Structures are given as C-alpha cells and as structure tokens.
Amino acid sequence: MKITAQEEYGLRLLIRVARCTDQEGMSIPQLSEAEGLTSHYVAKLTRILRMEGYINSTPGNKGGYVLSRPATEININKVLKSLGGALYDKEFCESHAGALKFCTHSVDCSSRSL
C-alpha cells in the first residue's frame, strides 16, 4: 500500500502534536521547522486536521495546535481518509471487476478489509 505525501506529512504532524507536552501546543512555525516542511504546507495540513476534528487551535500570541481528544481515540484509517480520501471505496470493485459483471471475490475479498 502506498500513501500520498499529503497523508504522510499530515500523519507526521498529528503525531508531532500528540507528543507535544506544552499546554499551548505547537505553532505552525514550530511544526514547519520540526518536520522540514514549508509553513504554507503545514497551514494547509493543520487546517484539514482541524476541520476534521483531530486538532484544536489555541488562541493567542503563543498559541498553537493541540489534540482535540486523547490520542487513543484517534483512528489512523480515518485520519488518512481525511487527508487523502478513502483507501477503499465502493466504486473500486466496479472499476476493477474485469470482464465479469460481478466480482468473484465478493465474499472473501482480500482488499476490502483494508
């Protein structure tokens, strides 16, 4: 399985925020420096993560990003879907069914569980 750069970097940012012990969290410049990404790209990814409810922004001059809930409650599969779309969707079988009308592996599909 390959994941996109956006999914990887977004996941890395989320992990970095989760490991932060500062009450104010981590700012965009701090995240940018820590992960070696541009501030613009970090802003884009943190916006996605915030809109999807994984992180919250803390106000003020020293504000930053913190997790919106405990790390144990965050599902990585859902995070990846938020950052880049579903790894598997219902249209997958339709576009990869081959010459048959119905998939012969519908009961024991190896990729559906992913």
# chains A, B, ... in the order shown; residues from 1 in each chain; ligands from 1
>>> residues_around(residues="range 76-82 of chain A", least_positions_apart="6", cutoff="9 Å", atoms="only C-alpha atoms", output="list of chain:residue names")
A:Ile3, A:Glu7, A:Glu8, A:Gly10, A:Leu11, A:Ile48, A:Leu49, A:Glu52, A:Tyr54, A:Leu114
>>> write_last_selection(atoms="all heavy atoms", output="CSV table (one decimal), in the first residue's frame")
chain,number,residue,atom,x,y,z
A,3,ILE,N,0.9,5.5,0.4
A,3,ILE,CA,0.2,6.6,0.8
A,3,ILE,C,0.8,7.9,0.2
A,3,ILE,O,2.0,7.9,-0.2
A,3,ILE,CB,0.1,6.7,2.3
A,3,ILE,CG1,1.5,7.0,2.9
A,3,ILE,CG2,-0.6,5.5,2.9
A,3,ILE,CD1,1.4,7.2,4.4
A,7,GLU,N,-0.8,12.6,2.9
A,7,GLU,CA,-1.2,11.7,4.0
A,7,GLU,C,-0.1,11.5,5.0
A,7,GLU,O,-0.3,11.5,6.2
A,7,GLU,CB,-1.7,10.4,3.4
A,7,GLU,CG,-3.0,10.5,2.6
A,7,GLU,CD,-3.3,9.3,1.8
A,7,GLU,OE1,-2.3,8.5,1.4
A,7,GLU,OE2,-4.4,9.1,1.4
A,8,GLU,N,1.1,11.2,4.4
A,8,GLU,CA,2.3,11.0,5.3
A,8,GLU,C,2.6,12.2,6.2
A,8,GLU,O,2.8,12.1,7.4
A,8,GLU,CB,3.5,10.6,4.5
A,8,GLU,CG,4.7,10.4,5.3
A,8,GLU,CD,6.0,10.2,4.5
A,8,GLU,OE1,5.9,10.0,3.3
A,8,GLU,OE2,7.1,10.4,5.1
A,10,GLY,N,0.7,14.8,6.9
A,10,GLY,CA,-0.4,15.1,7.8
A,10,GLY,C,-0.4,14.2,9.0
A,10,GLY,O,-0.5,14.6,10.2
A,11,LEU,N,-0.1,12.9,8.8
A,11,LEU,CA,0.1,12.0,9.9
A,11,LEU,C,1.3,12.3,10.8
A,11,LEU,O,1.2,12.3,12.0
A,11,LEU,CB,0.2,10.6,9.3
A,11,LEU,CG,0.0,9.4,10.3
A,11,LEU,CD1,-1.3,9.5,11.0
A,11,LEU,CD2,0.1,8.1,9.5
A,48,ILE,N,-6.8,21.1,7.5
A,48,ILE,CA,-7.6,19.8,7.2
A,48,ILE,C,-7.8,19.1,8.5
A,48,ILE,O,-8.9,18.6,8.8
A,48,ILE,CB,-6.8,19.0,6.2
A,48,ILE,CG1,-6.8,19.6,4.8
A,48,ILE,CG2,-7.5,17.6,6.1
A,48,ILE,CD1,-5.9,19.0,3.8
A,49,LEU,N,-6.7,18.9,9.3
A,49,LEU,CA,-6.8,18.2,10.6
A,49,LEU,C,-7.8,18.9,11.5
A,49,LEU,O,-8.5,18.2,12.3
A,49,LEU,CB,-5.5,18.0,11.2
A,49,LEU,CG,-4.5,17.1,10.4
A,49,LEU,CD1,-3.1,17.2,10.9
A,49,LEU,CD2,-5.0,15.6,10.4
A,52,GLU,N,-11.5,18.4,10.4
A,52,GLU,CA,-11.9,17.1,10.6
A,52,GLU,C,-12.0,16.7,12.1
A,52,GLU,O,-12.4,15.6,12.4
A,52,GLU,CB,-11.0,16.1,9.9
A,52,GLU,CG,-11.1,16.2,8.4
A,52,GLU,CD,-12.4,15.8,7.8
A,52,GLU,OE1,-13.0,14.9,8.3
A,52,GLU,OE2,-12.8,16.4,6.8
A,54,TYR,N,-9.5,16.6,14.5
A,54,TYR,CA,-8.4,15.9,15.2
A,54,TYR,C,-7.6,16.8,16.0
A,54,TYR,O,-7.0,16.3,17.0
A,54,TYR,CB,-7.6,15.2,14.1
A,54,TYR,CG,-8.3,14.2,13.4
A,54,TYR,CD1,-8.6,14.3,12.0
A,54,TYR,CD2,-8.7,13.0,14.0
A,54,TYR,CE1,-9.3,13.4,11.3
A,54,TYR,CE2,-9.5,12.0,13.3
A,54,TYR,CZ,-9.7,12.2,12.0
A,54,TYR,OH,-10.5,11.3,11.3
A,114,LEU,N,-9.0,-3.8,4.1
A,114,LEU,CA,-8.1,-2.6,4.3
A,114,LEU,C,-8.8,-1.3,4.4
A,114,LEU,O,-8.4,-0.4,5.1
A,114,LEU,CB,-7.1,-2.5,3.1
A,114,LEU,CG,-6.1,-3.7,3.0
A,114,LEU,CD1,-5.3,-3.5,1.7
A,114,LEU,CD2,-5.2,-3.7,4.1
>>> closest_residue(among="A:Gly64, A:Pro59, A:Pro70, A:Gly53", to="Gly25 in chain A", atoms="only C-alpha atoms")
A:Gly64
>>> closest_residue(among="A:Ser32, A:Ser39, A:Thr4, A:Thr21", to="Leu67 in chain A", atoms="only C-alpha atoms")
A:Thr21
>>> closest_residue(among="A:Val42, A:Leu14, A:Cys20, A:Ile28", to="Asn75 in chain A", atoms="only C-alpha atoms")
A:Leu14
>>> atom_distance(atom1="CA of Val66 in chain A", atom2="CA of Tyr41 in chain A")
17.9 Å
>>> atom_distance(atom1="CA of Asn61 in chain A", atom2="CA of Glu73 in chain A")
29.0 Å
>>> atom_distance(atom1="CA of Ile74 in chain A", atom2="CA of Ile55 in chain A")
10.4 Å
>>> closest_residue(among="A:Arg16, A:His40, A:Lys2, A:Arg69", to="Gly84 in chain A", atoms="only C-alpha atoms")
A:Lys2
>>> residues_around(residues="Gly60 in chain A", least_positions_apart="2", cutoff="12 Å", atoms="only C-alpha atoms", output="list in words")
Glu24, Gly25, Ser27, Ser57, Thr58, Lys62, Gly63, Gly64 and Tyr65 of chain A
>>> write_last_selection(atoms="N, CA and C atoms", output="mmCIF file, in the first residue's frame")
data_model
loop_
_atom_site.group_PDB
_atom_site.id
_atom_site.type_symbol
_atom_site.label_atom_id
_atom_site.label_comp_id
_atom_site.auth_asym_id
_atom_site.auth_seq_id
_atom_site.Cartn_x
_atom_site.Cartn_y
_atom_site.Cartn_z
ATOM 1 N N GLU A 24 0.109 25.010 25.331
ATOM 2 C CA GLU A 24 -0.308 25.817 24.183
ATOM 3 C C GLU A 24 -0.190 25.053 22.876
ATOM 4 N N GLY A 25 0.455 23.908 22.892
ATOM 5 C CA GLY A 25 0.611 23.103 21.689
ATOM 6 C C GLY A 25 1.784 23.568 20.851
ATOM 7 N N SER A 27 3.027 25.599 17.314
ATOM 8 C CA SER A 27 2.621 26.573 16.307
ATOM 9 C C SER A 27 3.017 26.076 14.913
ATOM 10 N N SER A 57 -7.030 24.582 17.682
ATOM 11 C CA SER A 57 -6.043 25.656 17.767
ATOM 12 C C SER A 57 -6.234 26.384 19.086
ATOM 13 N N THR A 58 -5.134 26.768 19.694
ATOM 14 C CA THR A 58 -5.186 27.533 20.930
ATOM 15 C C THR A 58 -4.924 28.994 20.582
ATOM 16 N N LYS A 62 1.148 33.003 21.699
ATOM 17 C CA LYS A 62 1.885 31.748 21.882
ATOM 18 C C LYS A 62 1.011 30.544 21.543
ATOM 19 N N GLY A 63 -0.065 30.773 20.863
ATOM 20 C CA GLY A 63 -0.995 29.701 20.527
ATOM 21 C C GLY A 63 -0.413 28.705 19.547
ATOM 22 N N GLY A 64 -1.067 27.575 19.482
ATOM 23 C CA GLY A 64 -0.634 26.524 18.580
ATOM 24 C C GLY A 64 -1.728 25.498 18.416
ATOM 25 N N TYR A 65 -1.348 24.283 18.114
ATOM 26 C CA TYR A 65 -2.308 23.201 17.900
ATOM 27 C C TYR A 65 -2.120 22.113 18.934
#
>>> select_by_dssp(residues="range 16-87 of chain A", states="helix (DSSP H, G or I)", output="JSON list (two decimals) with C-alpha atoms, in the first residue's frame")
[["chain", "number", "residue", "atom", "x", "y", "z"],
["A", 16, "ARG", "CA", 4.16, 15.60, 16.48],
["A", 17, "VAL", "CA", 1.20, 17.46, 18.02],
["A", 18, "ALA", "CA", 0.26, 14.38, 20.05],
["A", 19, "ARG", "CA", 3.79, 14.16, 21.50],
["A", 28, "ILE", "CA", 2.85, 26.39, 12.53],
["A", 29, "PRO", "CA", 6.46, 27.68, 12.53],
["A", 30, "GLN", "CA", 7.42, 25.08, 15.15],
["A", 31, "LEU", "CA", 5.78, 22.28, 13.20],
["A", 32, "SER", "CA", 7.35, 23.53, 9.98],
["A", 33, "GLU", "CA", 10.84, 23.52, 11.47],
["A", 34, "ALA", "CA", 10.40, 20.18, 13.24],
["A", 35, "GLU", "CA", 9.15, 18.37, 10.13],
["A", 39, "SER", "CA", 4.81, 26.96, 6.71],
["A", 40, "HIS", "CA", 2.25, 27.22, 3.91],
["A", 41, "TYR", "CA", 2.02, 23.41, 3.60],
["A", 42, "VAL", "CA", 1.82, 22.96, 7.37],
["A", 43, "ALA", "CA", -1.00, 25.52, 7.47],
["A", 44, "LYS", "CA", -2.87, 23.60, 4.77],
["A", 45, "LEU", "CA", -2.50, 20.27, 6.59],
["A", 46, "THR", "CA", -3.35, 21.64, 10.02],
["A", 47, "ARG", "CA", -6.47, 23.24, 8.54],
["A", 48, "ILE", "CA", -7.58, 19.84, 7.23],
["A", 49, "LEU", "CA", -6.85, 18.16, 10.56],
["A", 50, "ARG", "CA", -8.67, 20.93, 12.45],
["A", 51, "MET", "CA", -11.72, 20.87, 10.16],
["A", 71, "ALA", "CA", -4.63, 10.02, 21.09],
["A", 72, "THR", "CA", -6.07, 6.60, 21.93],
["A", 73, "GLU", "CA", -9.41, 7.72, 20.49],
["A", 76, "ILE", "CA", -5.43, 6.32, 11.87],
["A", 77, "ASN", "CA", -7.53, 4.95, 8.99],
["A", 78, "LYS", "CA", -9.99, 7.82, 9.42],
["A", 79, "VAL", "CA", -7.13, 10.32, 9.58],
["A", 80, "LEU", "CA", -5.73, 9.00, 6.30],
["A", 81, "LYS", "CA", -9.20, 9.22, 4.73],
["A", 82, "SER", "CA", -9.45, 12.84, 5.85],
["A", 83, "LEU", "CA", -6.08, 13.69, 4.35],
["A", 84, "GLY", "CA", -6.39, 11.94, 1.03]]
